[in-house]
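Student: What follows is the file data_30.pdb, containing PDB, C-alpha atoms:
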```pdb
ATOM      1  CA  MET A   1      94.623 161.325 -16.240
ATOM      2  CA  SER A   2      95.259 161.776 -19.924
ATOM      3  CA  SER A   3      96.285 158.828 -22.065
ATOM      4  CA  GLY A   4      99.250 158.491 -24.387
ATOM      5  CA  SER A   5     102.965 158.131 -24.044
ATOM      6  CA  SER A   6     102.959 160.934 -21.505
ATOM      7  CA  PHE A   7     100.141 161.911 -19.229
ATOM      8  CA  THR A   8      99.288 164.572 -16.697
ATOM      9  CA  LEU A   9      97.539 163.931 -13.408
ATOM     10  CA  SER A  10      94.460 165.978 -12.842
ATOM     11  CA  ARG A  11      94.431 168.281  -9.835
ATOM     12  CA  SER A  12      92.391 165.912  -7.691
ATOM     13  CA  TRP A  13      94.516 162.899  -8.649
ATOM     14  CA  ARG A  14      97.713 164.838  -8.023
ATOM     15  CA  ARG A  15      96.584 165.820  -4.547
ATOM     16  CA  ALA A  16      95.532 162.273  -3.706
ATOM     17  CA  VAL A  17      98.797 160.754  -4.938
ATOM     18  CA  LEU A  18     100.838 163.446  -3.192
ATOM     19  CA  ALA A  19      99.005 162.854   0.081
ATOM     20  CA  LEU A  20      99.662 159.116  -0.150
ATOM     21  CA  HIS A  21     103.302 159.751  -1.022
ATOM     22  CA  VAL A  22     103.803 162.015   1.997
ATOM     23  CA  LEU A  23     101.950 159.643   4.322
ATOM     24  CA  CYS A  24     104.133 156.719   3.249
ATOM     25  CA  GLY A  25     107.334 158.694   3.691
ATOM     26  CA  VAL A  26     106.378 160.094   7.089
ATOM     27  CA  GLY A  27     105.049 156.712   8.203
ATOM     28  CA  TRP A  28     108.314 155.074   7.201
ATOM     29  CA  MET A  29     110.305 157.669   9.148
ATOM     30  CA  GLY A  30     108.152 157.106  12.212
ATOM     31  CA  LEU A  31     108.608 153.363  11.908
ATOM     32  CA  ASP A  32     112.369 153.887  11.680
ATOM     33  CA  LEU A  33     112.320 155.652  15.035
ATOM     34  CA  GLY A  34     110.262 152.838  16.546
ATOM     35  CA  LEU A  35     112.611 150.218  15.105
ATOM     36  CA  LEU A  36     115.628 152.075  16.484
ATOM     37  CA  VAL A  37     114.093 152.117  19.980
ATOM     38  CA  LEU A  38     113.312 148.387  19.802
ATOM     39  CA  VAL A  39     116.784 147.425  18.580
ATOM     40  CA  LEU A  40     118.476 149.598  21.206
ATOM     41  CA  ALA A  41     116.308 148.008  23.893
ATOM     42  CA  GLY A  42     117.299 144.590  22.622
ATOM     43  CA  LEU A  43     120.974 145.492  22.739
ATOM     44  CA  THR A  44     121.054 147.254  26.098
ATOM     45  CA  SER A  45     118.187 146.088  28.322
ATOM     46  CA  GLY A  46     118.981 143.905  31.305
ATOM     47  CA  SER A  47     115.554 142.279  31.263
ATOM     48  CA  GLY A  48     115.262 139.047  29.318
ATOM     49  CA  ALA A  49     111.544 139.622  28.761
ATOM     50  CA  THR A  50     112.174 143.116  27.355
ATOM     51  CA  VAL A  51     114.904 141.913  25.001
ATOM     52  CA  ALA A  52     112.746 139.036  23.785
ATOM     53  CA  ALA A  53     109.722 141.305  23.301
ATOM     54  CA  SER A  54     111.796 143.857  21.400
ATOM     55  CA  TYR A  55     113.150 141.406  18.854
ATOM     56  CA  THR A  56     109.796 139.658  18.562
ATOM     57  CA  ALA A  57     108.136 142.989  17.736
ATOM     58  CA  VAL A  58     110.794 143.696  15.104
ATOM     59  CA  ARG A  59     110.220 140.327  13.481
ATOM     60  CA  LEU A  60     106.445 140.743  13.454
ATOM     61  CA  VAL A  61     106.147 144.363  12.323
ATOM     62  CA  ILE A  62     109.013 145.037   9.904
ATOM     63  CA  PRO A  63     108.304 142.340   7.260
ATOM     64  CA  VAL A  64     104.664 143.397   7.020
ATOM     65  CA  VAL A  65     104.812 147.173   7.168
ATOM     66  CA  VAL A  66     108.106 148.427   5.752
ATOM     67  CA  PRO A  67     107.922 146.741   2.302
ATOM     68  CA  VAL A  68     104.422 148.141   1.806
ATOM     69  CA  LEU A  69     105.505 151.665   2.758
ATOM     70  CA  ALA A  70     108.639 151.447   0.608
ATOM     71  CA  VAL A  71     106.889 150.221  -2.536
ATOM     72  CA  ALA A  72     103.985 152.649  -2.089
ATOM     73  CA  MET A  73     106.303 155.607  -1.540
ATOM     74  CA  LEU A  74     108.413 154.725  -4.585
ATOM     75  CA  GLY A  75     105.379 154.059  -6.756
ATOM     76  CA  THR A  76     103.600 157.293  -5.860
ATOM     77  CA  GLY A  77     106.848 159.212  -6.319
ATOM     78  CA  VAL A  78     107.286 157.826  -9.828
ATOM     79  CA  LEU A  79     103.649 158.576 -10.617
ATOM     80  CA  LEU A  80     104.059 162.164  -9.438
ATOM     81  CA  GLY A  81     107.194 162.531 -11.516
ATOM     82  CA  LEU A  82     105.565 161.207 -14.664
ATOM     83  CA  GLY A  83     102.227 162.912 -14.171
ATOM     84  CA  THR A  84     103.298 166.444 -13.261
ATOM     85  CA  ARG A  85     105.404 169.147 -14.862
ATOM     86  CA  TRP A  86     108.445 168.009 -12.857
ATOM     87  CA  ARG A  87     108.823 164.666 -14.709
ATOM     88  CA  LEU A  88     111.519 162.215 -13.577
ATOM     89  CA  THR A  89     114.732 163.383 -15.243
ATOM     90  CA  GLU A  90     114.063 167.069 -15.872
ATOM     91  CA  TRP A  91     115.127 168.415 -12.477
ATOM     92  CA  THR A  92     118.093 167.354 -10.384
ATOM     93  CA  TRP A  93     116.210 167.279  -7.083
ATOM     94  CA  VAL A  94     113.520 165.005  -8.547
ATOM     95  CA  LEU A  95     116.104 162.636 -10.011
ATOM     96  CA  THR A  96     117.974 162.576  -6.690
ATOM     97  CA  LYS A  97     114.775 161.684  -4.846
ATOM     98  CA  LEU A  98     114.136 158.898  -7.347
ATOM     99  CA  VAL A  99     117.610 157.455  -6.739
ATOM    100  CA  ILE A 100     117.057 157.642  -2.971
ATOM    101  CA  GLY A 101     113.744 155.816  -3.296
ATOM    102  CA  LEU A 102     115.202 153.097  -5.502
ATOM    103  CA  VAL A 103     118.184 152.524  -3.202
ATOM    104  CA  LEU A 104     116.094 152.430  -0.031
ATOM    105  CA  THR A 105     113.516 150.076  -1.525
ATOM    106  CA  THR A 106     116.277 147.758  -2.710
ATOM    107  CA  LEU A 107     117.893 147.769   0.737
ATOM    108  CA  VAL A 108     114.563 146.877   2.326
ATOM    109  CA  PHE A 109     114.358 143.640   0.337
ATOM    110  CA  VAL A 110     118.035 142.670   0.336
ATOM    111  CA  ALA A 111     119.034 143.708   3.883
ATOM    112  CA  LEU A 112     116.264 144.750   6.281
ATOM    113  CA  LEU A 113     113.691 142.107   5.415
ATOM    114  CA  PRO A 114     116.101 139.136   5.549
ATOM    115  CA  GLY A 115     117.538 140.490   8.796
ATOM    116  CA  ALA A 116     114.143 140.752  10.469
ATOM    117  CA  LEU A 117     112.968 137.351   9.213
ATOM    118  CA  GLY A 118     116.246 135.829  10.371
ATOM    119  CA  LEU A 119     115.437 136.547  14.018
ATOM    120  CA  PRO A 120     114.365 133.484  16.034
ATOM    121  CA  THR A 121     110.613 133.005  16.340
ATOM    122  CA  GLU A 122     110.672 131.972  19.992
ATOM    123  CA  LEU A 123     112.871 133.841  22.431
ATOM    124  CA  ALA A 124     113.071 133.326  26.184
ATOM    125  CA  GLY A 125     115.554 133.363  29.043
ATOM    126  CA  THR A 126     117.824 135.994  30.468
ATOM    127  CA  ALA A 127     118.878 139.068  28.495
ATOM    128  CA  ALA A 128     122.258 137.514  27.728
ATOM    129  CA  GLU A 129     120.666 134.255  26.577
ATOM    130  CA  VAL A 130     118.231 136.025  24.289
ATOM    131  CA  ARG A 131     120.976 138.160  22.770
ATOM    132  CA  GLU A 132     123.082 135.053  22.245
ATOM    133  CA  ALA A 133     120.166 133.390  20.446
ATOM    134  CA  VAL A 134     119.706 136.431  18.231
ATOM    135  CA  GLY A 135     123.422 136.666  17.523
ATOM    136  CA  ARG A 136     124.845 139.208  15.121
ATOM    137  CA  GLY A 137     121.390 139.945  13.723
ATOM    138  CA  GLY A 138     120.553 142.282  16.584
ATOM    139  CA  GLN A 139     123.507 144.554  15.841
ATOM    140  CA  ASP A 140     122.941 144.420  12.087
ATOM    141  CA  LEU A 141     119.419 145.773  12.569
ATOM    142  CA  LEU A 142     120.787 148.905  14.214
ATOM    143  CA  TYR A 143     121.921 150.501  10.945
ATOM    144  CA  PRO A 144     118.884 150.285   8.604
ATOM    145  CA  PRO A 145     116.648 152.692  10.563
ATOM    146  CA  VAL A 146     119.453 155.250  10.842
ATOM    147  CA  VAL A 147     120.267 155.061   7.134
ATOM    148  CA  SER A 148     116.669 155.156   5.900
ATOM    149  CA  PHE A 149     115.596 157.925   8.304
ATOM    150  CA  THR A 150     118.520 160.091   7.195
ATOM    151  CA  ALA A 151     117.880 159.428   3.498
ATOM    152  CA  LEU A 152     114.161 160.133   3.849
ATOM    153  CA  ALA A 153     114.931 163.361   5.702
ATOM    154  CA  VAL A 154     117.181 164.421   2.811
ATOM    155  CA  ALA A 155     114.388 163.616   0.344
ATOM    156  CA  LEU A 156     111.985 165.708   2.428
ATOM    157  CA  VAL A 157     114.354 168.672   2.402
ATOM    158  CA  LEU A 158     114.780 168.347  -1.377
ATOM    159  CA  SER A 159     111.004 168.408  -1.829
ATOM    160  CA  ILE A 160     110.778 171.678   0.065
ATOM    161  CA  TRP A 161     113.810 173.597  -1.257
ATOM    162  CA  ARG A 162     114.028 172.104  -4.774
ATOM    163  CA  PRO A 163     117.702 172.987  -5.370
ATOM    164  CA  TRP A 164     120.171 172.620  -8.263
ATOM    165  CA  GLY A 165     118.032 173.413 -11.293
ATOM    166  CA  ARG A 166     117.629 171.238 -14.384
ATOM    167  CA  THR A 167     119.560 168.060 -15.094
ATOM    168  CA  ARG A 168     122.240 167.768 -17.774
ATOM    169  CA  TRP A 169     119.852 165.845 -20.058
ATOM    170  CA  ALA A 170     117.141 168.470 -19.748
ATOM    171  CA  ARG A 171     119.572 171.291 -20.512
ATOM    172  CA  ARG A 172     120.949 169.377 -23.491
ATOM    173  CA  ARG A 173     117.452 168.832 -24.919
ATOM    174  CA  SER A 174     116.681 172.496 -24.358
ATOM    175  CA  ASP A 175     119.848 173.585 -26.144
ATOM    176  CA  LEU A 176     119.207 171.232 -29.080
ATOM    177  CA  GLY A 177     115.778 172.763 -29.520
ATOM    178  CA  ARG A 178     117.103 176.306 -29.726
ATOM    179  CA  PRO A 179     117.853 178.066 -33.035
ATOM    180  CA  ALA A 180     121.500 178.086 -34.125
ATOM    181  CA  GLY A 181     123.508 180.871 -32.544
ATOM    182  CA  GLN A 182     121.616 180.845 -29.268
ATOM    183  CA  VAL A 183     123.161 179.565 -26.052
ATOM    184  CA  GLY A 184     121.049 177.849 -23.413
ATOM    185  CA  PRO A 185     121.279 178.653 -19.706
ATOM    186  CA  GLY A 186     123.084 175.357 -19.106
ATOM    187  CA  SER A 187     125.877 176.065 -21.600
ATOM    188  CA  PRO A 188     129.459 176.820 -20.523
ATOM    189  CA  SER A 189     128.968 180.557 -20.991
ATOM    190  CA  GLY A 190     125.919 180.518 -18.728
ATOM    191  CA  ALA A 191     124.768 183.698 -20.435
ATOM    192  CA  GLY A 192     121.442 182.402 -21.723
ATOM    193  CA  PRO A 193     120.151 183.035 -25.253
ATOM    194  CA  SER A 194     122.337 185.500 -27.088
ATOM    195  CA  ALA A 195     120.731 188.778 -28.021
ATOM    196  CA  PRO A 196     120.428 189.639 -31.716
ATOM    197  CA  GLU A 197     123.084 191.932 -33.071
ATOM    198  CA  PRO A 198     122.068 195.495 -33.734
ATOM    199  CA  ALA A 199     121.207 196.208 -37.327
ATOM    200  CA  ALA A 200     124.106 198.651 -37.715
ATOM    201  CA  SER A 201     126.694 196.074 -36.686
ATOM    202  CA  ARG A 202     125.429 193.577 -39.236
ATOM    203  CA  ARG A 203     126.017 195.936 -42.219
ATOM    204  CA  SER A 204     129.196 195.467 -44.203
ATOM    205  CA  PRO A 205     131.530 198.424 -43.747
ATOM    206  CA  THR A 206     131.557 200.830 -46.718
ATOM    207  CA  ARG A 207     134.820 201.121 -48.517
TER     208      ARG A 207
END
```
Can you dump the structure from the file as C-alpha cells?

Tutor:
Amino acid sequence: MSSGSSFTLSRSWRRAVLALHVLCGVGWMGLDLGLLVLVLAGLTSGSGATVAASYTAVRLVIPVVVPVLAVAMLGTGVLLGLGTRWRLTEWTWVLTKLVIGLVLTTLVFVALLPGALGLPTELAGTAAEVREAVGRGGQDLLYPPVVSFTALAVALVLSIWRPWGRTRWARRRSDLGRPAGQVGPGSPSGAGPSAPEPAASRRSPTR
C-alpha cells in the first residue's frame, strides 16, 4: 500500500482483500439460508425437540458469526473502494454497494442480534409450548435472512455488471476540471467535450 491521503492497494493486497470480501459475502448468504431453514422449522415443526433445537441453534450461531461476517464484508468493501481505481463515490454501483453494506450491518446490530439474543436459553416441552416460550421473536427472525440474502444478491449482481456509470459528484468534479467551453459527458447535453470550431468559422466576416 502507498501512504498519504489516498492510497492504492498493490496487486497482491487487492487480491487478498477481494477474496476475503467475497468469502464474507458468500458466507453470509449461506448463513442466511441456514437461518431461514431453522426459523421455518421452529415455526412449522410438530416436534418439540426440533423446535427447541432450531431456536437454540439460532441463538448460539447468529450472535457469533453474523456480526463478524458483516463487519468484515463492510470493512473489506471500504478498503477495496479506497484502495482501487473505483474509489467509494466515483461510480454509482460502488456507492450503492456501500449503502447496502452500511444498512445491512446496522440492521445486524439493531435488529438481528437483539432478536437472536432475546430467545430463551433453555427450551423444552411440546412444539406449542416451545413456540409459546419463544413468543413473537420466532416470527420476527423470519424476515432478516430474506432481506439480507436479497440485498447481498443485488450487491453481487452490481459487482458483476457494474451499471449506471459515474456518480453526480464525480461528473461534477470532471466538468469543473475541464477548460471553459467544454461539456462533460454528464452534462445536460450529453454530447461530451465540444469540438473546436473550424478556423474558417472563427474569422470575422469581411465587409

Student: One decimal, Å: what's the distance from atom CA of A:Gly30 over to atom CA of A:Arg136, could you say?

Tutor: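 Value for the atom CA of A:Gly30-atom CA of A:Arg136 distance: 24.6 Å.
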
Student: In Å to one decimal, how far is atom CA of A:Arg87 from atom CA of A:Thr8?

Tutor: 9.7 Å

Student: I'd like to see the residues matched by the PyMOL selection byres ((chain A and resi 147-152) around 12) on this file, and ideally I'd get them as a VMD selection string.

Tutor: chain A and resid 21 to 22 24 to 36 66 70 73 to 74 96 to 108 111 to 112 141 to 146 153 to 159

Student: On this structure, which residues satisfy the PyMOL selection byres ((chain A and resi 42) around 8), written as an NGL selection string?

Tutor: :A and (38-41 or 43-45 or 50-52 or 54-55 or 131 or 138)

Student: Suppose we keep C-alpha atoms; can you now write the selection as a PDB file, in the coordinates of the input?

Tutor:
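Here's the written file again-v7.pdb:
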```
ATOM      1  CA  LEU A  38     113.312 148.387  19.802  1.00  0.00           C
ATOM      2  CA  VAL A  39     116.784 147.425  18.580  1.00  0.00           C
ATOM      3  CA  LEU A  40     118.476 149.598  21.206  1.00  0.00           C
ATOM      4  CA  ALA A  41     116.308 148.008  23.893  1.00  0.00           C
ATOM      5  CA  LEU A  43     120.974 145.492  22.739  1.00  0.00           C
ATOM      6  CA  THR A  44     121.054 147.254  26.098  1.00  0.00           C
ATOM      7  CA  SER A  45     118.187 146.088  28.322  1.00  0.00           C
ATOM      8  CA  THR A  50     112.174 143.116  27.355  1.00  0.00           C
ATOM      9  CA  VAL A  51     114.904 141.913  25.001  1.00  0.00           C
ATOM     10  CA  ALA A  52     112.746 139.036  23.785  1.00  0.00           C
ATOM     11  CA  SER A  54     111.796 143.857  21.400  1.00  0.00           C
ATOM     12  CA  TYR A  55     113.150 141.406  18.854  1.00  0.00           C
ATOM     13  CA  ARG A 131     120.976 138.160  22.770  1.00  0.00           C
ATOM     14  CA  GLY A 138     120.553 142.282  16.584  1.00  0.00           C
TER      15      GLY A 138
END
```

Student: What is the atom CA of A:Thr56 to atom CA of A:Ala72 distance in Å?

Tutor: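 According to the coordinates, atom CA of A:Thr56 and atom CA of A:Ala72 are separated by 25.1 Å.
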
Student: Could you check the closest approach to A:Val130 for each of A:Val110, A:Val37, A:Ala53, A:Leu23 and tell me which residue wins, using only C-alpha atoms?

Tutor: A:Ala53

Student: Which centre and which edge lengths, in Å to one decimal, describe the axis-aligned box that holds all listed atoms of stretch 67-73 of chain A after 6 Å is added on each side, as JSON?

Tutor:
```
{"center_x": 106.3, "center_y": 151.2, "center_z": 0.1, "size_x": 16.7, "size_y": 20.9, "size_z": 17.3}
```

Student: Can you translate the PyMOL selection byres ((chain A and resi 76) around 10) into the concrete residues it hits in this file, as a VMD selection string?

Tutor: chain A and resid 14 16 to 22 24 71 to 75 77 to 82

Student: I'd like to know which of A:Leu113, A:Arg173, A:Gly48, A:Thr126 is closest to A:Val65, using only C-alpha atoms.

Tutor: A:Leu113

Student: Choose the residue, out of A:Ala133, A:Ala128, A:Thr167, A:Arg85, that has the smallest atom-to-atom separation from A:Phe7; count all atoms listed in the file.

Tutor: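 With all atoms listed in the file as the atom set, the closest residue is A:Arg85.
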